[in-house]
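**Q** Structure incoming, see below.
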Amino acid sequence: MPPVDRYGTDVLNTDWRAPRRGRAVEISADKGLVVEEVTTDWCGEIVAVERDLMTVTLEDRRGKRRTFPLGAGFLLEGVPVILTPPTRKGPAARTRTASGSVAVPGTRARVARASRIFVEGRHDAELVEKVWGDDLRLEGVVVEYLEGVDDLAEQLRDFRPGPERRVGVLVDHLVAGSKESRIAASVASSPVGRHVLVVGHPFVDIWQAVKPERLGIKAWPTIPRNIEWKKGVCQKLGWPHRDQADIARAWKHILGRVSSYADLEPALLGRVEELIDFVTAPQEAP
């Protein structure tokens with residue numbers, strides 16, 4: 001008879017150094033997955049993943065959000081996991097666009113209309129594209145940026161608005177008594193006023209249209225008027241702000257926190273929707 005092993009298998013032949021909960025395995029950080037971050041005990045549903053920044057955003061049951069680096073340091077049902085960027089899915093998998101509209105799978109972009117939407121700067125255009133891009137392509141609306149509204153009247157003279165060439169203009173800091181409000185009033189009373197709609201939001205800059213909690217802050221800082229606003233914001237938040245490259249990186253970071261209309265303030269949402277409706281409305285009867 002073979003000898004009886006009184007002590008069982010040799011413990012040195014097993015993975016005796018493995019963690020008590022087991023070794024971490026890689027999983028895709030798909031939206032809807034509920035995980036726990038081990039260093040903070042923050043437990044929440046995955047609501048956003050930023051590939052460029054390699055971050056994942058978790059929303060807890062109270063609706064609060066926190067962002068963490070992708071990788072190790074998470075638990076899924078008590079088991080350690082390594083979160084990896086999810087596999088890219090085609091547009092057909094989406095049921096809603098970033099603006100909240102119902103997606104139309106398989107629909108090709110419409111040929112561009114003669115009508116246009118003008119925005120003040122590159123950052124404004126990038127934010128509008130990220131949230132409303134699908135809708136604008138479906139409607140055939142092109143967004144152009146102006147580099148400020150001081151020359152809006154001249155831009156409109158060159159564009160020659162009309163019944164089939166409407167122009168919607170999104171303006172920063174359009175509040176009573178401001179320079180922007182006087183320009184808007186002048187356009188409205190001009191011969192092309194009926195074919196141009198100027199709307200605006202109350203924010204100093206489009207950056208403020210992003211909800212501050214998406215960046216992990218309670219509110220956007222107040223900057224004195226004698227300091228360039230964007231540099232002042234970066235300084236107050238402890239971000240690099242020495243040159244334009246730093247400002248561009250700051251904006252990329254901010255834009256990376258936006259995945260849908262839910263990340264933006266209502267004061268901007270309504271204005272953009274108003275402009276889209278204006279430039280896509282049926283032609284008026286003569």
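Residue numbers start at 1 in each chain; chains themselves are named A, B, ... in the order of the structure tokens; ligands are numbered from 1 in the order shown.
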At a cut-off of 12 Å, using only C-alpha atoms, what residues contact Trp239 (chain A)? Leave out same-chain residues fewer than 6 positions from it and give the result as number ranges by chain.

**A** A: 230-233, 245-251, 253-254

**Q** Among the residues of region 16-234 of chain A, find those DSSP assigns to alpha helix (DSSP H) from the backbone and print them as a PyMOL selection string.

**A** chain A and resi 122-139+152-159+179-188+229-234

**Q** Enter the distance from CA of Trp42 (chain A) to CA of Phe74 (chain A), in Å, rounded to one decimal.

**A**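 Between CA of Trp42 (chain A) and CA of Phe74 (chain A) the gap works out to 9.5 Å.
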
**Q** Quick one, how far is CA of Trp132 (chain A) from CA of Pro69 (chain A)?

**A** 27.4 Å

**Q** Taking the DSSP assignment computed from this structure's backbone, write out as a PyMOL selection string all residues of region 22-258 of chain A that belong to strand (DSSP E or B).

**A** chain A and resi 25-28+34-37+42-50+55-59+65-69+71-76+79-84+96+102+116-119+142-145+162+165+167-171+196-200+210

**Q** List as a ChimeraX atom specification the protein and nucleic acid residues near Val210 (chain A), meaning an atom at most 12 Å away when only C-alpha atoms are counted, but skip any in the same chain fewer than 5 places from it.

**A** /A:123-124,127-128,131,203,205,215-217,219-220,251,253-269

**Q** I'd like the neighbourhood of Glu36 (chain A) as an MDAnalysis selection string, where a residue qualifies if any of its atoms comes within 10 Å (using only C-alpha atoms), though same-chain residues fewer than 3 positions away should be ignored.

**A** chainID A and resid 39:45 58 60 73:81

**Q** Enter the distance from CA of Val204 (chain A) to CA of Glu59 (chain A), in Å, rounded to one decimal.

**A**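 These atoms are spaced 28.8 Å apart.
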
**Q** Using only C-alpha atoms, which of A:Cys234, A:Val141, A:Val119, A:Ile183 sits nearest Arg271 (chain A)?

**A** A:Val119
